[in-house]
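A.B. asks: Quick one, start_2.pdb (PDB, C-alpha atoms):
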ATOM      1  CA  MET A   1      67.678 140.658 117.448
ATOM      2  CA  PRO A   2      71.405 139.836 117.616
ATOM      3  CA  LEU A   3      72.595 136.532 116.211
ATOM      4  CA  PRO A   4      74.021 134.299 119.005
ATOM      5  CA  PHE A   5      76.857 133.424 116.639
ATOM      6  CA  ARG A   6      79.544 132.507 119.141
ATOM      7  CA  ALA A   7      77.208 129.928 120.707
ATOM      8  CA  SER A   8      76.223 128.755 117.208
ATOM      9  CA  VAL A   9      79.866 128.142 116.260
ATOM     10  CA  ARG A  10      80.527 126.186 119.477
ATOM     11  CA  ALA A  11      77.373 124.111 118.878
ATOM     12  CA  ALA A  12      78.415 123.575 115.245
ATOM     13  CA  CYS A  13      81.757 122.166 116.426
ATOM     14  CA  MET A  14      79.926 119.627 118.590
ATOM     15  CA  ASP A  15      77.473 118.799 115.785
ATOM     16  CA  LEU A  16      80.323 118.339 113.292
ATOM     17  CA  LEU A  17      82.205 116.038 115.673
ATOM     18  CA  ASP A  18      79.027 114.058 116.403
ATOM     19  CA  GLY A  19      78.111 113.831 112.729
ATOM     20  CA  TYR A  20      81.565 112.681 111.707
ATOM     21  CA  LYS A  21      81.652 110.207 114.606
ATOM     22  CA  GLY A  22      78.318 108.768 113.456
ATOM     23  CA  SER A  23      79.348 108.577 109.808
ATOM     24  CA  THR A  24      82.445 106.524 110.618
ATOM     25  CA  SER A  25      81.386 104.785 113.843
ATOM     26  CA  ILE A  26      84.602 105.810 115.605
ATOM     27  CA  LYS A  27      84.749 106.098 119.357
ATOM     28  CA  LEU A  28      85.077 109.766 120.352
ATOM     29  CA  ASP A  29      84.201 111.566 123.567
ATOM     30  CA  ARG A  30      83.640 115.288 123.044
ATOM     31  CA  TYR A  31      83.069 118.338 125.233
ATOM     32  CA  THR A  32      82.094 121.957 124.638
ATOM     33  CA  GLY A  33      85.061 123.111 126.753
ATOM     34  CA  ARG A  34      88.129 121.731 128.446
ATOM     35  CA  PRO A  35      87.336 118.417 130.167
ATOM     36  CA  ARG A  36      88.307 117.512 133.722
ATOM     37  CA  GLN A  37      89.408 114.024 132.638
ATOM     38  CA  ILE A  38      90.708 112.773 129.294
ATOM     39  CA  PHE A  39      90.118 109.344 127.804
ATOM     40  CA  PRO A  40      91.337 109.319 124.163
ATOM     41  CA  PRO A  41      90.095 109.597 121.591
ATOM     42  CA  HIS A  42      88.740 112.833 122.981
ATOM     43  CA  ALA A  43      87.783 116.183 121.400
ATOM     44  CA  PHE A  44      86.916 119.542 122.935
ATOM     45  CA  VAL A  45      86.709 123.239 122.135
ATOM     46  CA  ASP A  46      89.889 124.662 123.654
ATOM     47  CA  ARG A  47      89.347 128.363 122.949
ATOM     48  CA  ILE A  48      87.257 130.756 120.898
ATOM     49  CA  THR A  49      88.405 134.046 119.415
ATOM     50  CA  GLU A  50      86.549 136.564 117.295
ATOM     51  CA  ARG A  51      87.461 139.210 114.746
ATOM     52  CA  PRO A  52      84.435 141.449 114.082
ATOM     53  CA  VAL A  53      84.624 143.786 111.079
ATOM     54  CA  GLN A  54      82.331 146.801 110.671
ATOM     55  CA  THR A  55      81.190 147.078 107.040
ATOM     56  CA  GLY A  56      78.922 150.079 107.507
ATOM     57  CA  PRO A  57      77.085 152.011 110.191
ATOM     58  CA  THR A  58      74.701 149.122 110.922
ATOM     59  CA  LEU A  59      76.373 146.066 109.374
ATOM     60  CA  ARG A  60      79.250 143.935 110.550
ATOM     61  CA  GLN A  61      80.873 140.702 109.586
ATOM     62  CA  ARG A  62      81.742 138.265 112.347
ATOM     63  CA  TYR A  63      84.597 135.806 112.087
ATOM     64  CA  VAL A  64      84.458 133.441 115.064
ATOM     65  CA  ARG A  65      87.316 130.965 115.389
ATOM     66  CA  ALA A  66      86.991 127.854 117.514
ATOM     67  CA  GLU A  67      90.095 125.805 118.223
ATOM     68  CA  VAL A  68      89.083 122.179 118.558
ATOM     69  CA  VAL A  69      91.649 119.822 120.069
ATOM     70  CA  VAL A  70      91.373 116.131 119.241
ATOM     71  CA  LEU A  71      93.509 113.867 121.420
ATOM     72  CA  HIS A  72      94.122 110.570 119.666
ATOM     73  CA  GLY A  73      96.189 108.663 122.200
ATOM     74  CA  LEU A  74      99.279 108.775 124.345
ATOM     75  CA  PHE A  75     102.403 110.620 123.309
ATOM     76  CA  ASP A  76     103.689 109.820 119.844
ATOM     77  CA  SER A  77     102.626 106.187 119.553
ATOM     78  CA  ALA A  78     102.337 104.743 116.039
ATOM     79  CA  GLU A  79      98.675 103.956 116.730
ATOM     80  CA  ALA A  80      97.914 107.566 117.764
ATOM     81  CA  VAL A  81      99.703 108.959 114.692
ATOM     82  CA  ALA A  82      97.788 106.662 112.330
ATOM     83  CA  GLN A  83      94.529 107.541 114.067
ATOM     84  CA  ALA A  84      95.318 111.276 113.734
ATOM     85  CA  ASP A  85      95.996 110.958 109.999
ATOM     86  CA  ALA A  86      92.772 109.026 109.400
ATOM     87  CA  PHE A  87      90.724 111.427 111.546
ATOM     88  CA  VAL A  88      92.019 114.584 109.856
ATOM     89  CA  ASP A  89      91.511 113.194 106.337
ATOM     90  CA  GLY A  90      87.984 112.019 107.094
ATOM     91  CA  PHE A  91      86.913 115.038 109.155
ATOM     92  CA  SER A  92      88.197 117.444 106.484
ATOM     93  CA  ASP A  93      86.064 115.707 103.864
ATOM     94  CA  TYR A  94      83.045 115.633 106.179
ATOM     95  CA  LEU A  95      83.414 119.351 106.890
ATOM     96  CA  GLN A  96      83.352 120.172 103.158
ATOM     97  CA  ASP A  97      79.781 118.868 102.982
ATOM     98  CA  HIS A  98      78.570 120.616 106.165
ATOM     99  CA  PHE A  99      79.675 124.234 105.708
ATOM    100  CA  HIS A 100      76.329 125.639 106.929
ATOM    101  CA  GLN A 101      76.495 123.777 110.253
ATOM    102  CA  ALA A 102      76.535 127.018 112.305
ATOM    103  CA  GLY A 103      73.360 128.306 110.631
ATOM    104  CA  GLU A 104      71.649 128.587 107.280
ATOM    105  CA  GLN A 105      73.044 132.055 106.512
ATOM    106  CA  THR A 106      76.538 131.279 107.845
ATOM    107  CA  LEU A 107      79.666 129.450 106.761
ATOM    108  CA  ILE A 108      82.148 127.355 108.724
ATOM    109  CA  GLU A 109      85.440 125.940 107.487
ATOM    110  CA  ALA A 110      88.756 124.622 108.740
ATOM    111  CA  ILE A 111      91.349 127.364 108.297
ATOM    112  CA  GLU A 112      94.220 125.566 109.991
ATOM    113  CA  ILE A 113      95.026 122.020 111.113
ATOM    114  CA  ASN A 114      98.138 121.354 113.187
ATOM    115  CA  ASP A 115      99.511 118.290 114.912
ATOM    116  CA  GLU A 116     100.295 118.700 118.607
ATOM    117  CA  PRO A 117     102.468 115.619 119.164
ATOM    118  CA  SER A 118     103.202 116.432 122.813
ATOM    119  CA  PHE A 119      99.976 117.975 124.112
ATOM    120  CA  VAL A 120      99.842 118.322 127.908
ATOM    121  CA  PRO A 121      96.556 119.564 129.435
ATOM    122  CA  ASP A 122      97.932 122.269 131.742
ATOM    123  CA  TRP A 123      94.600 122.820 133.536
ATOM    124  CA  ILE A 124      94.662 119.308 135.033
ATOM    125  CA  PRO A 125      96.574 118.913 138.337
ATOM    126  CA  PRO A 126     100.254 118.045 137.651
ATOM    127  CA  GLY A 127     100.065 114.605 139.258
ATOM    128  CA  GLU A 128      97.236 113.626 136.893
ATOM    129  CA  GLN A 129      98.684 115.066 133.669
ATOM    130  CA  ARG A 130      99.658 112.849 130.745
ATOM    131  CA  THR A 131     101.196 113.683 127.384
ATOM    132  CA  TYR A 132      98.971 113.021 124.371
ATOM    133  CA  TYR A 133      99.303 113.036 120.603
ATOM    134  CA  GLY A 134      96.764 115.570 119.401
ATOM    135  CA  THR A 135      95.530 117.656 116.517
ATOM    136  CA  ARG A 136      94.379 121.277 116.793
ATOM    137  CA  ILE A 137      91.727 122.141 114.210
ATOM    138  CA  THR A 138      90.846 125.811 113.883
ATOM    139  CA  LEU A 139      87.333 126.208 112.549
ATOM    140  CA  GLU A 140      86.232 129.663 111.440
ATOM    141  CA  GLY A 141      82.592 130.634 111.244
ATOM    142  CA  PHE A 142      81.436 133.620 109.191
ATOM    143  CA  ALA A 143      78.216 135.581 109.519
ATOM    144  CA  GLU A 144      77.037 139.001 108.432
ATOM    145  CA  THR A 145      74.822 140.749 110.983
TER     146      THR A 145
END
Could you spell out this file's structure in structure tokens?
C.D. replies:
Amino acid sequence: MPLPFRASVRAACMDLLDGYKGSTSIKLDRYTGRPRQIFPPHAFVDRITERPVQTGPTLRQRYVRAEVVVLHGLFDSAEAVAQADAFVDGFSDYLQDHFHQAGEQTLIEAIEINDEPSFVPDWIPPGEQRTYYGTRITLEGFAET
């Protein structure tokens, strides 16, 4: 039976955000995909990519990357920047202790963390768009199937 790994990585992202939120009692709305409305602080899975690698005739390794966007506040405010720094430091530490979040025989880690100081959600109608200070966290899950 195939491992539903892509779904497991997306669910792990939500579980990690929920777990970190609960461990720090921060306010954080989160969604499994792009939200229709944004009320910072807000986190969502923006996109998922995969790089499968065949390691033999019946084995493969799956590397599923989920880009999680965390919007901390409006464009480049001192409060949003401070919140971003605190979130990234705390979430990175939390992630270190939860590397099996996508499944017992899997691994998940942050492979890249980038500020997006002028994030504009281009899927929202132009009249409703705002510019936010955000962080893009790329989480990579690994499984051998």
A.B. asks: Could you list, as a CSV table (one decimal) with C-alpha atoms, keeping the file's coordinate frame, every residue matched by the PyMOL selection byres ((chain A and resi 60) around 12) in this structure?
C.D. replies:
chain,number,residue,atom,x,y,z
A,2,PRO,CA,71.4,139.8,117.6
A,3,LEU,CA,72.6,136.5,116.2
A,51,ARG,CA,87.5,139.2,114.7
A,52,PRO,CA,84.4,141.4,114.1
A,53,VAL,CA,84.6,143.8,111.1
A,54,GLN,CA,82.3,146.8,110.7
A,55,THR,CA,81.2,147.1,107.0
A,56,GLY,CA,78.9,150.1,107.5
A,57,PRO,CA,77.1,152.0,110.2
A,58,THR,CA,74.7,149.1,110.9
A,59,LEU,CA,76.4,146.1,109.4
A,61,GLN,CA,80.9,140.7,109.6
A,62,ARG,CA,81.7,138.3,112.3
A,63,TYR,CA,84.6,135.8,112.1
A,142,PHE,CA,81.4,133.6,109.2
A,143,ALA,CA,78.2,135.6,109.5
A,144,GLU,CA,77.0,139.0,108.4
A,145,THR,CA,74.8,140.7,111.0
A.B. asks: Go ahead and fit an axis-aligned box to every listed atom of segment 56-68 of chain A plus 6 Å each side, and pass me the centre and edge lengths in Å, one decimal, as lines of an AutoDock Vina configuration file.
C.D. replies:
center_x = 82.4
center_y = 137.1
center_z = 113.0
size_x = 27.4
size_y = 41.8
size_z = 23.1
A.B. asks: Let me make sure I understand: among A:Pro125, A:Pro117, A:Gly134, A:Gly103, which one has the smallest atom-to-atom distance to Phe87 of chain A if we use only C-alpha atoms?
C.D. replies: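 Smallest separation from Phe87 of chain A among the options: A:Gly134.
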A.B. asks: I need every residue sitting at most 12 Å from the point (83.0, 111.4, 114.7) (coordinates as in the file, all atoms listed in the file considered), written as a ChimeraX atom specification.
C.D. replies: /A:13-30,41-43,70,86-88,90-92,94-95
A.B. asks: Can you give me, as a PyMOL selection string, the residues this file yields under the PyMOL selection byres ((chain A and resi 130) around 10)?
C.D. replies: chain A and resi 38+74-75+118-122+124+126-129+131-132
A.B. asks: Can you work out the spacing between atom CA of Pro35 of chain A and atom CA of Phe99 of chain A in Å, to one decimal?
C.D. replies: 26.3 Å
A.B. asks: Interatomic distance between atom CA of Ala11 of chain A and atom CA of Arg36 of chain A?
C.D. replies: 19.6 Å
A.B. asks: Please complete segment 70-82 of chain A with N, CA and C atoms and give it back as a compact mmCIF listing (two decimals), keeping the file's coordinate frame.
C.D. replies:
# COMPACT_ATOMS: atom_id res chain seq x y z
N VAL A 70 91.72 117.55 119.28
CA VAL A 70 91.37 116.13 119.24
C VAL A 70 92.60 115.37 119.75
N LEU A 71 92.42 114.66 120.85
CA LEU A 71 93.51 113.87 121.42
C LEU A 71 93.29 112.42 121.02
N HIS A 72 94.26 111.89 120.29
CA HIS A 72 94.12 110.57 119.67
C HIS A 72 94.63 109.43 120.54
N GLY A 73 95.61 109.71 121.36
CA GLY A 73 96.19 108.66 122.20
C GLY A 73 97.38 109.22 122.94
N LEU A 74 98.12 108.34 123.59
CA LEU A 74 99.28 108.78 124.34
C LEU A 74 100.41 109.21 123.42
N PHE A 75 101.28 109.98 123.97
CA PHE A 75 102.40 110.62 123.31
C PHE A 75 103.04 109.79 122.21
N ASP A 76 102.93 110.28 121.01
CA ASP A 76 103.69 109.82 119.84
C ASP A 76 103.72 108.31 119.58
N SER A 77 102.66 107.61 119.89
CA SER A 77 102.63 106.19 119.55
C SER A 77 102.24 106.04 118.08
N ALA A 78 102.67 104.97 117.46
CA ALA A 78 102.34 104.74 116.04
C ALA A 78 100.82 104.66 115.85
N GLU A 79 100.13 104.07 116.81
CA GLU A 79 98.68 103.96 116.73
C GLU A 79 98.02 105.34 116.77
N ALA A 80 98.49 106.22 117.66
CA ALA A 80 97.91 107.57 117.76
C ALA A 80 98.18 108.38 116.50
N VAL A 81 99.36 108.24 115.92
CA VAL A 81 99.70 108.96 114.69
C VAL A 81 98.82 108.49 113.54
N ALA A 82 98.64 107.19 113.40
CA ALA A 82 97.79 106.66 112.33
C ALA A 82 96.34 107.10 112.53
